[in-house]
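In what follows, a structure is listed as structure tokens, so that the remarks can point back to it.
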Amino acid sequence: MKLKLFVAILYCMFGFSQVYSQEEKTTSVWRINFLNPGIEYEMPTGGSSTFSIGTGIGYSGSYPHSDVGLSSGFITSFNPFLDLQQKWFYNLDIRKTKGLNVTNNSGNFLSVRALTRGESFFGNNNGTDKLDFAVGRTWGIQRKYGKNFHLLFDMGPIYYFDIEGRKGFFPLMIQLNLGFDL
């Protein structure tokens, strides 16, 4: 039941988010990320919006309910992940007017992000309970430097839950990705 609710929420957030414009400003981009090793595809959903799908193996901390078995300290793990993000860029026109780079969707954005993590491969604790989900709004920037270097940073509060029924609010999820646009 919870999985069906999660899928319905994702469909509402991402499925109806297309905004069309006369002039396409955003472009399709394939990326290889190496900070959190994985591959990502970003596709336009409108003149100033994109939808990205990323998968790989990422470094992550734990949510408060996941610290079972460790009395103190920071819990780390390396988990397979699926990351879905709808981005709405709000400064592409300003960047273009100032002569700044907007190639490969370089700009500032607001987004809705959904992240799914699987069970940890290794780390100082499991960090997640088989399968967990996080959904939240973020603010971020992404830039293309040089020929194809990519930087993405975003942050925002999230609501998380797992398949065991544990859930909660986490005040700040942070994402940092470095990689290459293909």
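Ligands are numbered from 1 in the order shown, residues from 1 within each chain, and chains are lettered A, B, ... in the order they appear in the structure tokens.
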
Near-A:Leu35 list (9 Å; only C-alpha atoms; drop same-chain fewer than 6 positions) as number ranges by chain: A: 58-59, 176-179

Requested write-out: C-alpha atoms of the selected residues, as a PDB file, in the first residue's frame:
```pdb
ATOM      1  CA  GLY A  58      26.499   6.535  -3.772  1.00  0.00           C
ATOM      2  CA  TYR A  59      27.996   7.489  -0.448  1.00  0.00           C
ATOM      3  CA  LEU A 176      27.014  17.222  -4.561  1.00  0.00           C
ATOM      4  CA  ASN A 177      27.883  15.726  -7.938  1.00  0.00           C
ATOM      5  CA  LEU A 178      30.939  16.184 -10.088  1.00  0.00           C
ATOM      6  CA  GLY A 179      31.176  14.564 -13.473  1.00  0.00           C
TER       7      GLY A 179
END
```

Distance query A:Met155 at most 7 Å, only C-alpha atoms, self and fewer than 5 positions along chain excluded, as a list in words: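 The residues that qualify are Thr138, Trp139, Gly140, Leu172, Met173, Ile174 and Gln175 of chain A.
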
Let's have the selection written as a PDB file, in the first residue's frame, with N, CA and C atoms.
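Resulting contents of result.pdb:
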```pdb
ATOM      1  N   THR A 138      13.990  20.977  -3.280  1.00  0.00           N
ATOM      2  CA  THR A 138      15.371  21.442  -3.136  1.00  0.00           C
ATOM      3  C   THR A 138      15.586  22.739  -3.904  1.00  0.00           C
ATOM      4  N   TRP A 139      16.647  23.409  -3.537  1.00  0.00           N
ATOM      5  CA  TRP A 139      17.179  24.539  -4.280  1.00  0.00           C
ATOM      6  C   TRP A 139      18.577  24.123  -4.698  1.00  0.00           C
ATOM      7  N   GLY A 140      18.977  24.480  -5.928  1.00  0.00           N
ATOM      8  CA  GLY A 140      20.299  24.074  -6.350  1.00  0.00           C
ATOM      9  C   GLY A 140      20.854  24.872  -7.504  1.00  0.00           C
ATOM     10  N   LEU A 172      17.679  18.605   6.257  1.00  0.00           N
ATOM     11  CA  LEU A 172      18.552  19.040   5.166  1.00  0.00           C
ATOM     12  C   LEU A 172      19.209  17.864   4.454  1.00  0.00           C
ATOM     13  N   MET A 173      18.766  17.610   3.230  1.00  0.00           N
ATOM     14  CA  MET A 173      19.415  16.640   2.362  1.00  0.00           C
ATOM     15  C   MET A 173      20.334  17.441   1.441  1.00  0.00           C
ATOM     16  N   ILE A 174      21.570  17.006   1.307  1.00  0.00           N
ATOM     17  CA  ILE A 174      22.537  17.698   0.454  1.00  0.00           C
ATOM     18  C   ILE A 174      23.027  16.747  -0.624  1.00  0.00           C
ATOM     19  N   GLN A 175      23.115  17.252  -1.830  1.00  0.00           N
ATOM     20  CA  GLN A 175      23.654  16.478  -2.947  1.00  0.00           C
ATOM     21  C   GLN A 175      24.783  17.279  -3.589  1.00  0.00           C
TER      22      GLN A 175
END
```

Separation of atom CA of A:Gly38 from atom CA of A:Thr50 in Å: 18.7 Å

Option closest in space to A:Leu92, from A:Glu40, A:Ser77, A:Ile57, A:Lys25 [counting only C-alpha atoms]: A:Lys25

Top pick for closest residue to A:Leu182, considering A:Thr45, A:Lys167, A:Leu110, A:Lys147 and counting only C-alpha atoms: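 Looking at the shortest contact to A:Leu182, the residue is A:Lys147.
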
Those in stretch 120-182 of chain A with strand (DSSP E or B) from DSSP, as a count of residues only: 46

Best match for closeness to A:Val102 among A:Phe170, A:Tyr90, A:Tyr160, A:Phe78, counting only C-alpha atoms: A:Tyr90

One-decimal distance in Å that lies between atom CA of A:Ser60 and atom CA of A:Arg113: 15.8 Å

Gap from atom CA of A:Leu115 to atom CA of A:Lys87 - Å, one decimal: 14.2 Å

Within 10 Å of A:Gly54 using only C-alpha atoms, minus same-chain residues under 6 positions, as a PyMOL selection string: chain A and resi 30-33+38-42+81-85+115

Spatial neighbours of A:Asn105, 12 Å, only C-alpha atoms, chain gap at least 3 places, as a count of residues only: 40

Sel. of alpha helix (DSSP H) residues, stretch 26-179 of chain A, as number ranges by chain: A: 92-97

Write out the residues from the selection above, keeping C-alpha atoms, as a compact mmCIF listing (two decimals), in the first residue's frame.
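Contents of result-v2.txt, as written:
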```txt
# COMPACT_ATOMS: atom_id res chain seq x y z
CA LEU A 92 18.38 31.06 -17.61
CA ASP A 93 17.24 34.31 -19.27
CA ILE A 94 19.23 36.45 -16.83
CA ARG A 95 22.35 34.31 -17.35
CA LYS A 96 21.92 34.53 -21.12
CA THR A 97 21.43 38.33 -21.01
```

Closest of A:Asn79, A:Gly136, A:Asp154, A:Ile53 to A:Gly118 - atom-to-atom distances counting only C-alpha atoms: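 Nearest to A:Gly118: A:Asn79.
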